[in-house]
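So the structure is just underneath, and the comments pick up after that.
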Amino acid sequence: MNMQTKPPHTAAEKAILDSFAEIMGQLPGDAPVTAARDKLVSAISSDGLPTRRIESWHYTDLRNLLRDVPGQASGAAQQVDPLVRGSLVLPVVQGQSAEIRAPEGVELSSYMELLASGEAVKTLVPRGSDDLIGRLNGAFVMDGYSFSVAADQAIEEIIEIQSTQSGGQVHNRFAASFGAKATATIVDRHLGDKGQTGLSSAVTTLDLADGADVTWIILQGCGEDDQRLAQFNARLGADAKLKLYVINAGGKLVRQELHVEAAGEGSHLDLRCVNLLAGDSHTDVTLTLGHNVPNTTSSEIVRNVVLNRARGVFQGQIRVAQVAQKTDAQMACNTLLLSDDGEFSAKPELEIFADDVICAHGATVIDIDHNHLFYLLARGISEKSARGLLVNGFVDELIDELENEDLVEALETLIEQWLADHG
């Protein structure tokens with residue numbers, strides 16, 4: 001009889017289990033929360049880190065890629081200026097939130113308070129057996145923010161969740177709800193230190209009530225040796241609109257999951273993603289989008305710039321339920337591959353059970369157009385500057401869709417600086 005045995009724990013798996021044993025007594029939560037944490041760690045211990053055999057992790061073999069798991073955060077991270085002057089900053093410094101006065105119409109509390117009260121226990125349930133991020137974060141989460149925007153409130157100032165990390169482990173959660181017809185712009189920004197090795201995880205949950213209109217920008221600027229595992233979950237009510245931007249511009253190993261449910265008729269999602277990949281980094285953006293009711297729409301555009309030996313992944317699955325007639329969903333993934341050693345894997349998927357829909361997906365991989373390059377060179381522009389202009393144009397098109405001019409300028413400046421540093 002053939003016996004199959006689980007392979008021994010890798011160094012990373014062992015480090016995760018040892019780290020939990022070391023700090024479990026310091027983690028906030030009552031008895032049910034503690035029991036939930038224990039269950040999540042036991043699942044990690046029994047199943048291990050995901051490998052290529054798990055379909056959703058096929059292009060990110062975490063068991064092989066996650067090799068260095070640092071100890072708990074002990075460095076001295078510093079707050080930085082907000083991306084846009086005048087923004088309300090919700091700081092998370094080395095994993096710890098702060099007491100901030102919320103603007104009118106917003107209720108704000110630390111996630112630690114929810115954990116301590118036990119109210120968050122039901123949120124610690126992972127999405128499924130392949131949800132390593134949910135398991136890891138649920139086991140280790142210590143802090144973050146929870147906030148709600150009242151119905152009919154228009155929050156004029158940008159809210160910036162600013163997470164700064166200097167090595168070690170940081171695990172945070174963020175929960176946000178927006179009342180009917182509420183409007184807001186949120187910048188979810190994560191920064192790491194150069195030369196420090198950090199492991200961070202984050203789980204963010206959004207609930208948009210009927211008619212809410214929210215712009216949410218995930219801006220990832222980890223250090224070159226950092227490892228980040230993040231999950232974003234959103235539910236859209238009737239006529240709700242979510243403009244979701246994801247900009248990856250750093251990190252050694254990055255996995256950003258996006259799970260969105262169009263649960264109300266008339267709801268709409270715009271996803272715009274820019275992946276700036278260099279060095280020998282590995283960046284994975286995985287999307288699942290459920291059109292669950294009739295008359296919902298979505299548009300997803302992903303632009304990737306790949307340099308050096310960087311590897312990138314985009315997995316995008318759109319599911320259209322049988323009742324979701326009149327769905328209109330369009331998805332495109334475009335990659336500018338500027339190195340013979342770089343790689344990008346694109347896996348767009350449509351799973352359609354309705355018959356009256358307009359759905360499409362596509363993926364392209366190209367180099368810089370040499371006719372465009374020649375045009376600029378012929379006008380006296382240096383080759384480096386000409387390449388920078390063409391790459392900028394490739395990604396800035398998505399940023400220009402934002403309505404806030406200050407935000408557009410800040411993001412374009414950030415992208416230009418990345419290209420100058422890596423070009």
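Going by the structure tokens order, chains are called A, B, ..., each with residues numbered from 1, while ligands are numbered from 1 in the order shown.
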
Env of A:Ala238: 8 Å cut, atoms = only C-alpha atoms, seq-sep filter 2 positions within chain, self excluded. Answer as a PyMOL selection string. chain A and resi 209-211+236+240+263-267

Please provide as an NGL selection string all residues within 12 Å of A:Asp130, with the sequence filter that same-chain residues fewer than 5 positions apart are discarded (counting only C-alpha atoms). :A and (43-44 or 47-58 or 62 or 135-136)

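For the choices A:Phe344, A:Phe394, A:Phe20, A:Phe314, the atom-to-atom distance to A:Gly138 is smallest for A:Phe20 when using only C-alpha atoms.
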
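Here the residues within stretch 77-153 of chain A that DSSP labels helix (DSSP H, G or I) on the basis of the backbone are Tyr111, Met112, Glu113, Leu114, Leu115, Ala116, Ser117, Val121, Lys122, Thr123, Leu124, Leu132, Ile133, Gly134, Arg135, Leu136, Asn137, Gly138, Ala139 and Phe140 of chain A.
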
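Between atom CA of A:Gly179 and atom CA of A:Ala150 the separation is 5.0 Å.
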
Surrounding residues of stretch 214-231 of chain A excluding itself and chain neighbours under 2 positions, 6 Å, only C-alpha atoms, as a VMD selection string: chain A and resid 183 to 194 197 to 203 242 to 257

I need the residues in stretch 162-383 of chain A that are strand (DSSP E) according to DSSP; give them as a PyMOL selection string. chain A and resi 162-165+168-178+183-192+198-208+213-221+227-236+241-248+253-262+268-277+282-291+297-306+311-320+328-337+343-352+358-366

Wanna dump the stretch 164-239 of chain A-stretch 77-84 of chain A contacts at 6 Å for me, each residue with its shortest atom pair and the distance in Å to one decimal, counting only C-alpha atoms, ordered by chain and number, as CSV?
residue,atom,partner,partner_atom,distance
A:Thr164,CA,A:Ala77,CA,5.9
A:Gln165,CA,A:Ala77,CA,5.2
A:Ser166,CA,A:Ala77,CA,5.0

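Remark: for A:Gly290, the closest of the candidate residues A:Ala410, A:Ala324, A:Ala175, A:Val306 is A:Ala324 (distances computed over only C-alpha atoms).
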
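Within 12 Å of A:Glu104, once only C-alpha atoms are used and residues closer than 2 positions along the same chain are dropped, the contacting residues are Arg101, Ala102, Val106, Glu107, Leu108, Ser148, Val149, Ala150, Ala151, Asp152, Gln153, Ala154, Ile155, Glu156 and Glu157 of chain A.
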
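For the pair atom CA of A:Ile318 and atom CA of A:Arg173, the separation is 25.6 Å.
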
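Of the listed residues A:Thr205, A:Gln26, A:Gln196, A:Asn308, the one whose atoms come nearest to A:Phe178 is A:Thr205, with distances taken using only C-alpha atoms.
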
Between atom CA of A:Gly167 and atom CA of A:Thr34 - distance in Å to one decimal: 25.8 Å

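Distance check against A:Ala76 using only C-alpha atoms: of A:Ala346, A:Ala120, A:Val274, A:Val93, the minimum falls on A:Val93.
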
Report as a list in words all protein, DNA and RNA residues lying within 8 Å of A:Leu258, evaluated on only C-alpha atoms, omitting residues in the same chain fewer than 5 positions from it. Gln231, Phe232, Asn233, Val285, Thr286, Leu287 and Thr288 of chain A

Write a file of the selected residues as a short mmCIF file (atom, residue, chain, number, x, y, z; two decimals), in the first residue's frame, keeping N, CA and C atoms.
data_model
loop_
_atom_site.label_atom_id
_atom_site.label_comp_id
_atom_site.auth_asym_id
_atom_site.auth_seq_id
_atom_site.Cartn_x
_atom_site.Cartn_y
_atom_site.Cartn_z
N GLN A 231 -4.87 41.24 0.86
CA GLN A 231 -6.17 40.82 0.32
C GLN A 231 -7.16 41.97 0.47
N PHE A 232 -7.89 42.24 -0.60
CA PHE A 232 -8.90 43.30 -0.63
C PHE A 232 -10.23 42.68 -1.00
N ASN A 233 -11.25 42.89 -0.15
CA ASN A 233 -12.58 42.33 -0.37
C ASN A 233 -13.60 43.45 -0.41
N VAL A 285 -0.87 39.80 -8.95
CA VAL A 285 -2.18 40.42 -8.71
C VAL A 285 -3.23 39.42 -9.16
N THR A 286 -4.07 38.99 -8.23
CA THR A 286 -5.10 37.99 -8.51
C THR A 286 -6.47 38.58 -8.21
N LEU A 287 -7.34 38.57 -9.22
CA LEU A 287 -8.67 39.17 -9.13
C LEU A 287 -9.74 38.11 -9.30
N THR A 288 -10.76 38.15 -8.44
CA THR A 288 -12.01 37.44 -8.70
C THR A 288 -13.14 38.47 -8.62
#

Can you tell me which residues surround A:Ser117 at a distance of at most 9 Å, considering only C-alpha atoms, apart from same-chain residues fewer than 4 positions away, and format the answer as a ChimeraX atom specification? /A:28-30,112-113

List the neighbours of A:Ile16 out to 10 Å using only C-alpha atoms; skip same-chain residues closer than 5 positions along the sequence, and give me the result as a compact mmCIF listing (two decimals) with N, CA, C and O atoms, in the first residue's frame.
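As a result, around_15.txt now contains:
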# COMPACT_ATOMS: atom_id res chain seq x y z
N THR A 10 8.96 23.62 5.83
CA THR A 10 10.09 24.41 5.33
C THR A 10 10.56 25.35 6.43
O THR A 10 9.89 25.52 7.47
N ALA A 11 11.69 25.99 6.19
CA ALA A 11 12.21 26.95 7.18
C ALA A 11 11.21 28.08 7.40
O ALA A 11 11.02 28.55 8.53
N ALA A 21 3.90 30.93 18.34
CA ALA A 21 4.07 30.41 19.70
C ALA A 21 4.72 31.44 20.61
O ALA A 21 4.40 31.53 21.80
N GLU A 22 5.57 32.27 20.02
CA GLU A 22 6.30 33.27 20.81
C GLU A 22 5.41 34.44 21.23
O GLU A 22 5.55 34.96 22.34
N VAL A 41 -3.75 28.81 12.69
CA VAL A 41 -2.35 28.36 12.72
C VAL A 41 -2.28 26.86 12.52
O VAL A 41 -1.37 26.36 11.83
N ILE A 44 -2.44 26.20 8.88
CA ILE A 44 -1.17 26.48 8.22
C ILE A 44 -0.19 25.34 8.46
O ILE A 44 0.54 24.90 7.57
N SER A 45 -0.17 24.85 9.70
CA SER A 45 0.74 23.76 10.04
C SER A 45 0.42 22.49 9.27
O SER A 45 1.31 21.80 8.77
N VAL A 69 11.54 34.49 6.71
CA VAL A 69 10.49 35.05 7.55
C VAL A 69 11.14 35.71 8.76
O VAL A 69 11.69 35.02 9.63
N PRO A 70 11.12 37.04 8.82
CA PRO A 70 11.78 37.73 9.94
C PRO A 70 11.01 37.58 11.23
O PRO A 70 9.85 37.14 11.25
N GLY A 71 11.65 37.97 12.33
CA GLY A 71 10.98 37.97 13.62
C GLY A 71 9.99 39.11 13.71
O GLY A 71 9.76 39.85 12.74
N LEU A 136 -3.05 33.48 7.57
CA LEU A 136 -1.88 34.10 8.18
C LEU A 136 -2.25 35.39 8.89
O LEU A 136 -1.87 35.63 10.04
N PHE A 140 -2.30 36.33 13.09
CA PHE A 140 -1.34 37.28 13.65
C PHE A 140 -1.85 38.71 13.81
O PHE A 140 -1.16 39.54 14.42

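With only C-alpha atoms as the basis for measurement, A:Ser299 is the residue among A:Ser345, A:Asn172, A:Ser299, A:Gln317 that approaches A:Arg272 most closely.
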